[in-house]
There are 2 protein chains.
Amino acid sequence: MDQTTDRRGFLKGLGAAAAALGAAGLGQAAPRAPRAARPAATPVEGLRLGLASYSFRAFKAAQALEMTQRIGRSRLSVKDMHLAPKASLGDIRSFRAKAQARGIEVYACGVVTMKSEADVAQAFQFAKDANMELIGGVPELDLLPKVEEWITRTNVKLAIHNHGPEDKLFPTPESIYARIQTRAPRLGVCMDIGHTLRAGLDPAVSAEHCFDRLLDIHSKDVSEASAKGAGVEAGRGVLDIPKLFRTLLLLGYKGTVSLEYEKDERDPLAGAAESTGYFRGVLAGLEAKAL
Amino acid sequence: MDQTTDRRGFLKGLGAAAAALGAAGLGQAAPRAPRAARPAATPVEGLRLGLASYSFRAFKAAQALEMTQRIGRSRLSVKDMHLAPKASLGDIRSFRAKAQARGIEVYACGVVTMKSEADVAQAFQFAKDANMELIGGVPELDLLPKVEEWITRTNVKLAIHNHGPEDKLFPTPESIYARIQTRAPRLGVCMDIGHTLRAGLDPAVSAEHCFDRLLDIHSKDVSEASAKGAGVEAGRGVLDIPKLFRTLLLLGYKGTVSLEYEKDERDPLAGAAESTGYFRGVLAGLEAKAL
């Protein structure tokens, strides 16, 4: 088997499809055209798969890192029960050293709720001290100017996270996009695909709508496409992950797709492993298209 | 998303590809042409994924069934540490009842070594009593006439299993096929894809070579395509599973693809879950072609 040739054929096929996309758009019309800066010939290099440490929320940091390594994930978005924004520099260094020893890069933290200017300051100082690319967060609306100040000061991005139909402020990626599209470019969206589907939207379409601000993705599967949907092993629910991944590849998404496994809080390893296996399998199946 | 339409487009695409295959063949020339009886229009219905209970060999039968259910597999090939050919009718009924309670069909047993006529008789009587479709086995060559007698008597199939470069008798699927192609049709091959790759062959090509006798598949991944290759989580090794699955879909394979997870003997759940997730993801990615 010649993987190089397969890869080349795959890229060629995607190139043609991306060109078609550029002309015709994908799904519904986007709020604005985010693709002008991305030529169709941009190389596609697969998707970077990560993990949200919330998946292992019932476990101590050392165990969460061990399980992350076990299921083969090397990019981590860390939640506060494992490393909190109030952590000391010593705590941060210690956590990062443990992660590094397992080959894990801590690229983000979150989801961080920000209800005051102090919360904003703490989160950005923390992310900068920990050398993170971005914060997944939920800031109050009136804090957005302060968030922009901190983005400029630290060069850390803020990706606002949608929490589904129960979330009055940010139920969908589109509701975030509408609030930030005229603000600082490094203020963007962390699309939670489960909550997006639970809010009645197709995450593949939302990804295109928000693409120029799509900074991070929390990926999962849900039992039904309504507010009643609950987390399940990826591939066992109703979310069309092949369609989403294909769209992200076509769009040239450069962020991370991090599993946030919500089922089996006390015993998540098997379901998280099955889910990451499914994600890798979908990518492999999509790439094999050019065979 | 309209799964029905996607499915239809997928089948249509595969139909065209299958027609092309029928004319041109796939990969190397097969020892004989096994496709005459399968019209290109045969509906493709995905692959049936199962599990070889050898994956959970360090665990008691009840735990093996629990883990099989946990990772979402509903077809089981049972190994002797969980239910042996010498089992009583009561043991068989008890095991089948426990499996049924978890939604698991025991479609096969194996791998069963047969060194005497008594071994052959015991294995076939067992498989018939347990209502299995087939035995995965390794019979001595001089027992093949006796095996054929038992196949006729019980209507149970025997799928001979290849064990790789160290196996003097049946290293590859092709070495099995050469011995059985003129024998009873229900005498066939259980292709172990890991051992096939370890013997230097591409399992996708071997599948076509042996297709008219391909009755069962033990699927896995291996760290390298040589005798030194060891079992790894599916998707982390060198085996081209998308190519194999695509070939099986194009050929119209109707048997089972059972995971035989060899790594982590004492703690196999996470790796087995990741592997089955990967298999399901590959199928989903291949089907997404028609999107």
# chains A, B, ... in the order shown; residues from 1 in each chain; ligands from 1
$ residues_around --residues "Pro173 (chain B)" --least-positions-apart "3" --cutoff "7 Å" --atoms "only C-alpha atoms" --output "PyMOL selection string"
chain B and resi 162+176-177+189+191+206+210
$ write_last_selection --atoms "C-alpha atoms" --output "short mmCIF file (atom, residue, chain, number, x, y, z; two decimals), in the first residue's frame"
data_model
loop_
_atom_site.label_atom_id
_atom_site.label_comp_id
_atom_site.auth_asym_id
_atom_site.auth_seq_id
_atom_site.Cartn_x
_atom_site.Cartn_y
_atom_site.Cartn_z
CA ASN B 162 -3.94 -18.47 9.63
CA ILE B 176 -5.42 -22.26 3.50
CA TYR B 177 -7.24 -21.54 0.26
CA VAL B 189 -10.97 -19.30 5.69
CA MET B 191 -8.53 -14.56 7.85
CA SER B 206 -5.83 -11.80 0.42
CA CYS B 210 -9.91 -16.16 -0.97
#
$ select_by_dssp --residues "region 40-259 of chain B" --states "alpha helix (DSSP H)" --output "MDAnalysis selection string"
chainID B and resid 61:70 89:101 117:129 144:154 173:180 193:198 203:209 241:251
$ write_last_selection --atoms "C-alpha atoms" --output "PDB file, in the first residue's frame"
ATOM      1  CA  ALA B  61     -17.003 -15.694  30.981  1.00  0.00           C
ATOM      2  CA  ALA B  62     -19.429 -13.369  32.768  1.00  0.00           C
ATOM      3  CA  GLN B  63     -16.907 -10.511  32.729  1.00  0.00           C
ATOM      4  CA  ALA B  64     -16.030 -11.159  29.092  1.00  0.00           C
ATOM      5  CA  LEU B  65     -19.714 -10.892  28.165  1.00  0.00           C
ATOM      6  CA  GLU B  66     -20.099  -7.719  30.225  1.00  0.00           C
ATOM      7  CA  MET B  67     -17.116  -6.098  28.473  1.00  0.00           C
ATOM      8  CA  THR B  68     -18.383  -7.258  25.070  1.00  0.00           C
ATOM      9  CA  GLN B  69     -21.661  -5.495  25.736  1.00  0.00           C
ATOM     10  CA  ARG B  70     -19.882  -2.430  27.116  1.00  0.00           C
ATOM     11  CA  LEU B  89     -25.254 -29.034  27.208  1.00  0.00           C
ATOM     12  CA  GLY B  90     -26.105 -27.307  30.483  1.00  0.00           C
ATOM     13  CA  ASP B  91     -22.971 -25.156  30.305  1.00  0.00           C
ATOM     14  CA  ILE B  92     -23.775 -24.239  26.720  1.00  0.00           C
ATOM     15  CA  ARG B  93     -27.355 -23.268  27.556  1.00  0.00           C
ATOM     16  CA  SER B  94     -26.226 -21.234  30.544  1.00  0.00           C
ATOM     17  CA  PHE B  95     -23.604 -19.322  28.531  1.00  0.00           C
ATOM     18  CA  ARG B  96     -25.993 -18.652  25.680  1.00  0.00           C
ATOM     19  CA  ALA B  97     -28.634 -17.370  28.094  1.00  0.00           C
ATOM     20  CA  LYS B  98     -26.142 -14.981  29.705  1.00  0.00           C
ATOM     21  CA  ALA B  99     -25.051 -13.759  26.265  1.00  0.00           C
ATOM     22  CA  GLN B 100     -28.631 -13.340  25.103  1.00  0.00           C
ATOM     23  CA  ALA B 101     -29.463 -11.293  28.194  1.00  0.00           C
ATOM     24  CA  GLU B 117     -10.882 -37.364  14.727  1.00  0.00           C
ATOM     25  CA  ALA B 118     -12.201 -37.094  18.268  1.00  0.00           C
ATOM     26  CA  ASP B 119     -11.279 -33.386  18.327  1.00  0.00           C
ATOM     27  CA  VAL B 120     -13.162 -32.878  15.071  1.00  0.00           C
ATOM     28  CA  ALA B 121     -16.232 -34.719  16.325  1.00  0.00           C
ATOM     29  CA  GLN B 122     -16.230 -32.824  19.619  1.00  0.00           C
ATOM     30  CA  ALA B 123     -15.881 -29.400  17.965  1.00  0.00           C
ATOM     31  CA  PHE B 124     -18.671 -29.978  15.456  1.00  0.00           C
ATOM     32  CA  GLN B 125     -21.041 -31.535  17.984  1.00  0.00           C
ATOM     33  CA  PHE B 126     -20.360 -28.582  20.289  1.00  0.00           C
ATOM     34  CA  ALA B 127     -20.941 -25.976  17.580  1.00  0.00           C
ATOM     35  CA  LYS B 128     -24.159 -27.689  16.523  1.00  0.00           C
ATOM     36  CA  ASP B 129     -25.414 -27.983  20.109  1.00  0.00           C
ATOM     37  CA  LEU B 144      -9.889 -32.611   6.236  1.00  0.00           C
ATOM     38  CA  PRO B 145     -11.972 -35.544   4.848  1.00  0.00           C
ATOM     39  CA  LYS B 146     -13.360 -36.122   8.345  1.00  0.00           C
ATOM     40  CA  VAL B 147     -14.058 -32.393   8.671  1.00  0.00           C
ATOM     41  CA  GLU B 148     -16.044 -32.520   5.425  1.00  0.00           C
ATOM     42  CA  GLU B 149     -18.119 -35.395   6.803  1.00  0.00           C
ATOM     43  CA  TRP B 150     -18.975 -33.360   9.874  1.00  0.00           C
ATOM     44  CA  ILE B 151     -19.765 -30.271   7.843  1.00  0.00           C
ATOM     45  CA  THR B 152     -22.308 -32.335   5.879  1.00  0.00           C
ATOM     46  CA  ARG B 153     -23.687 -33.941   9.040  1.00  0.00           C
ATOM     47  CA  THR B 154     -24.102 -30.730  11.089  1.00  0.00           C
ATOM     48  CA  PRO B 173      -5.125 -17.096   3.959  1.00  0.00           C
ATOM     49  CA  GLU B 174      -3.763 -18.145   0.575  1.00  0.00           C
ATOM     50  CA  SER B 175      -2.042 -21.209   2.080  1.00  0.00           C
ATOM     51  CA  ILE B 176      -5.420 -22.261   3.499  1.00  0.00           C
ATOM     52  CA  TYR B 177      -7.240 -21.539   0.261  1.00  0.00           C
ATOM     53  CA  ALA B 178      -4.822 -23.713  -1.717  1.00  0.00           C
ATOM     54  CA  ARG B 179      -5.676 -26.678   0.542  1.00  0.00           C
ATOM     55  CA  ILE B 180      -9.444 -26.310   0.503  1.00  0.00           C
ATOM     56  CA  ILE B 193      -5.510  -9.798   9.244  1.00  0.00           C
ATOM     57  CA  GLY B 194      -2.670  -9.205  11.701  1.00  0.00           C
ATOM     58  CA  HIS B 195      -0.993 -12.531  10.974  1.00  0.00           C
ATOM     59  CA  THR B 196      -1.606 -11.980   7.244  1.00  0.00           C
ATOM     60  CA  LEU B 197       0.256  -8.663   7.334  1.00  0.00           C
ATOM     61  CA  ARG B 198       2.964 -10.151   9.544  1.00  0.00           C
ATOM     62  CA  PRO B 203      -5.113  -8.491   3.859  1.00  0.00           C
ATOM     63  CA  ALA B 204      -7.240  -6.545   1.355  1.00  0.00           C
ATOM     64  CA  VAL B 205      -5.623  -8.489  -1.473  1.00  0.00           C
ATOM     65  CA  SER B 206      -5.826 -11.796   0.420  1.00  0.00           C
ATOM     66  CA  ALA B 207      -9.521 -11.135   1.007  1.00  0.00           C
ATOM     67  CA  GLU B 208     -10.078 -11.022  -2.714  1.00  0.00           C
ATOM     68  CA  HIS B 209      -7.872 -14.051  -3.371  1.00  0.00           C
ATOM     69  CA  ILE B 241      -8.033  -0.979   7.705  1.00  0.00           C
ATOM     70  CA  PRO B 242      -9.879   1.542   5.479  1.00  0.00           C
ATOM     71  CA  LYS B 243      -8.553  -0.258   2.398  1.00  0.00           C
ATOM     72  CA  LEU B 244      -9.569  -3.652   3.799  1.00  0.00           C
ATOM     73  CA  PHE B 245     -13.069  -2.519   4.788  1.00  0.00           C
ATOM     74  CA  ARG B 246     -13.608  -0.791   1.461  1.00  0.00           C
ATOM     75  CA  THR B 247     -12.553  -3.972  -0.341  1.00  0.00           C
ATOM     76  CA  LEU B 248     -14.880  -6.099   1.797  1.00  0.00           C
ATOM     77  CA  LEU B 249     -17.778  -3.733   1.061  1.00  0.00           C
ATOM     78  CA  LEU B 250     -17.023  -3.784  -2.662  1.00  0.00           C
ATOM     79  CA  LEU B 251     -16.786  -7.586  -2.668  1.00  0.00           C
TER      80      LEU B 251
END
$ closest_atom_pairs --of "chain A" --to "chain B" --cutoff "7 Å" --atoms "only C-alpha atoms" --output "CSV"
residue,atom,partner,partner_atom,distance
A:Gly235,CA,B:Gly281,CA,6.9
A:Pro242,CA,B:Gly285,CA,5.5
A:Lys243,CA,B:Ala288,CA,6.8
A:Leu269,CA,B:Ala270,CA,6.2
A:Ala270,CA,B:Ala270,CA,4.5
A:Ala273,CA,B:Glu274,CA,4.5
A:Glu274,CA,B:Glu274,CA,4.0
A:Ser275,CA,B:Gly277,CA,6.1
A:Thr276,CA,B:Glu274,CA,6.7
A:Gly277,CA,B:Tyr278,CA,4.2
A:Tyr278,CA,B:Gly277,CA,4.2
A:Phe279,CA,B:Gly281,CA,6.2
A:Arg280,CA,B:Tyr278,CA,6.3
A:Gly281,CA,B:Gly281,CA,4.0
A:Val282,CA,B:Gly281,CA,4.2
A:Leu283,CA,B:Gly285,CA,6.5
A:Ala284,CA,B:Val282,CA,6.0
A:Gly285,CA,B:Gly285,CA,4.0
A:Leu286,CA,B:Gly285,CA,4.6
A:Ala288,CA,B:Pro242,CA,6.0
A:Lys289,CA,B:Lys289,CA,6.3
$ select_by_dssp --residues "region 28-264 of chain A" --states "strand (DSSP E)" --output "number ranges by chain"
A: 48-52, 75-78, 105-114, 134-139, 157-161, 187-192, 214-219, 221-222, 231-232, 256-259
$ closest_atom_pairs --of "region 87-177 of chain B" --to "region 212-220 of chain B" --cutoff "12 Å" --atoms "only C-alpha atoms" --output "Markdown table"
| residue | atom | partner | partner_atom | distance |
| --- | --- | --- | --- | --- |
| B:Tyr107 | CA | B:Asp216 | CA | 10.3 |
| B:Ala108 | CA | B:Asp216 | CA | 9.1 |
| B:Cys109 | CA | B:Asp216 | CA | 11.0 |
| B:Gly110 | CA | B:His218 | CA | 10.5 |
| B:Val111 | CA | B:His218 | CA | 10.2 |
| B:Glu133 | CA | B:Leu215 | CA | 9.8 |
| B:Leu134 | CA | B:Leu215 | CA | 8.2 |
| B:Ile135 | CA | B:Asp216 | CA | 9.3 |
| B:Gly136 | CA | B:Asp216 | CA | 7.8 |
| B:Gly137 | CA | B:Asp216 | CA | 10.9 |
| B:Val156 | CA | B:Leu215 | CA | 11.5 |
| B:Lys157 | CA | B:Leu215 | CA | 8.2 |
| B:Leu158 | CA | B:Leu215 | CA | 8.3 |
| B:Ala159 | CA | B:Leu215 | CA | 6.0 |
| B:Ile160 | CA | B:Leu215 | CA | 9.0 |
| B:His161 | CA | B:His218 | CA | 8.7 |
| B:Asn162 | CA | B:His218 | CA | 9.8 |
| B:His163 | CA | B:His218 | CA | 10.8 |
| B:Pro173 | CA | B:Leu214 | CA | 8.8 |
| B:Glu174 | CA | B:Arg213 | CA | 10.5 |
| B:Ile176 | CA | B:Arg213 | CA | 9.7 |
| B:Tyr177 | CA | B:Arg213 | CA | 7.4 |
$ atom_distance --atom1 "CA of Ala130 (chain A)" --atom2 "CA of Leu47 (chain A)"
23.8 Å
$ decode --residues "region 155-166 of chain A" --atoms "all heavy atoms" --output "CSV table (one decimal), in the first residue's frame"
chain,number,residue,atom,x,y,z
A,155,ASN,N,-1.7,38.1,24.2
A,155,ASN,CA,-1.7,37.4,22.9
A,155,ASN,C,-2.4,36.0,23.1
A,155,ASN,O,-2.2,35.1,22.2
A,155,ASN,CB,-0.3,37.2,22.4
A,155,ASN,CG,-0.2,37.1,20.9
A,155,ASN,OD1,-1.2,37.4,20.2
A,155,ASN,ND2,0.9,36.5,20.4
A,156,VAL,N,-3.1,35.8,24.2
A,156,VAL,CA,-3.9,34.6,24.4
A,156,VAL,C,-5.3,34.8,23.7
A,156,VAL,O,-5.9,35.9,23.9
A,156,VAL,CB,-4.0,34.2,25.9
A,156,VAL,CG1,-5.0,33.1,26.1
A,156,VAL,CG2,-2.7,33.9,26.5
A,157,LYS,N,-5.8,33.8,23.0
A,157,LYS,CA,-7.1,33.9,22.4
A,157,LYS,C,-8.2,33.5,23.4
A,157,LYS,O,-8.0,32.7,24.3
A,157,LYS,CB,-7.2,33.0,21.2
A,157,LYS,CG,-6.2,33.3,20.1
A,157,LYS,CD,-6.3,32.2,19.1
A,157,LYS,CE,-5.1,32.3,18.1
A,157,LYS,NZ,-4.9,31.0,17.4
A,158,LEU,N,-9.4,34.1,23.2
A,158,LEU,CA,-10.6,33.6,24.0
A,158,LEU,C,-11.6,33.0,23.0
A,158,LEU,O,-12.1,33.7,22.1
A,158,LEU,CB,-11.2,34.7,24.8
A,158,LEU,CG,-12.5,34.2,25.6
A,158,LEU,CD1,-12.1,33.3,26.7
A,158,LEU,CD2,-13.3,35.4,26.1
A,159,ALA,N,-11.9,31.7,23.3
A,159,ALA,CA,-12.9,31.0,22.5
A,159,ALA,C,-14.2,30.9,23.3
A,159,ALA,O,-14.1,30.1,24.3
A,159,ALA,CB,-12.4,29.7,22.0
A,160,ILE,N,-15.2,31.5,23.0
A,160,ILE,CA,-16.4,31.5,23.8
A,160,ILE,C,-17.2,30.2,23.4
A,160,ILE,O,-17.4,29.8,22.3
A,160,ILE,CB,-17.3,32.7,23.5
A,160,ILE,CG1,-16.5,34.0,23.9
A,160,ILE,CG2,-18.6,32.6,24.4
A,160,ILE,CD1,-17.3,35.3,23.7
A,161,HIS,N,-17.7,29.5,24.5
A,161,HIS,CA,-18.3,28.2,24.4
A,161,HIS,C,-19.8,28.3,24.5
A,161,HIS,O,-20.3,29.0,25.3
A,161,HIS,CB,-17.7,27.4,25.6
A,161,HIS,CG,-18.1,25.9,25.6
A,161,HIS,ND1,-19.3,25.5,26.0
A,161,HIS,CD2,-17.4,24.8,25.3
A,161,HIS,CE1,-19.3,24.2,26.0
A,161,HIS,NE2,-18.2,23.7,25.5
A,162,ASN,N,-20.4,27.6,23.5
A,162,ASN,CA,-21.9,27.5,23.6
A,162,ASN,C,-22.4,26.3,24.4
A,162,ASN,O,-21.8,25.3,24.3
A,162,ASN,CB,-22.5,27.4,22.1
A,162,ASN,CG,-22.0,26.2,21.4
A,162,ASN,OD1,-20.8,26.0,21.2
A,162,ASN,ND2,-22.9,25.3,21.0
A,163,HIS,N,-23.5,26.6,25.1
A,163,HIS,CA,-24.0,25.5,26.0
A,163,HIS,C,-25.4,25.0,25.7
A,163,HIS,O,-26.0,24.4,26.6
A,163,HIS,CB,-23.8,26.0,27.5
A,163,HIS,CG,-22.5,25.7,28.1
A,163,HIS,ND1,-21.6,26.7,28.5
A,163,HIS,CD2,-21.8,24.6,28.4
A,163,HIS,CE1,-20.5,26.2,29.0
A,163,HIS,NE2,-20.6,24.9,28.9
A,164,GLY,N,-25.9,25.3,24.5
A,164,GLY,CA,-27.1,24.6,24.1
A,164,GLY,C,-28.4,25.4,24.5
A,164,GLY,O,-28.3,26.6,25.0
A,165,PRO,N,-29.5,24.8,24.2
A,165,PRO,CA,-30.8,25.5,24.3
A,165,PRO,C,-31.1,26.1,25.7
A,165,PRO,O,-31.9,27.1,25.8
A,165,PRO,CB,-31.9,24.4,23.9
A,165,PRO,CG,-31.1,23.1,24.0
A,165,PRO,CD,-29.7,23.4,23.8
A,166,GLU,N,-30.5,25.6,26.7
A,166,GLU,CA,-30.8,26.1,28.1
A,166,GLU,C,-30.0,27.4,28.4
A,166,GLU,O,-30.2,28.1,29.3
A,166,GLU,CB,-30.4,25.1,29.2
A,166,GLU,CG,-31.1,23.7,29.0
A,166,GLU,CD,-30.4,22.8,28.0
A,166,GLU,OE1,-29.4,23.2,27.4
A,166,GLU,OE2,-30.9,21.7,27.8
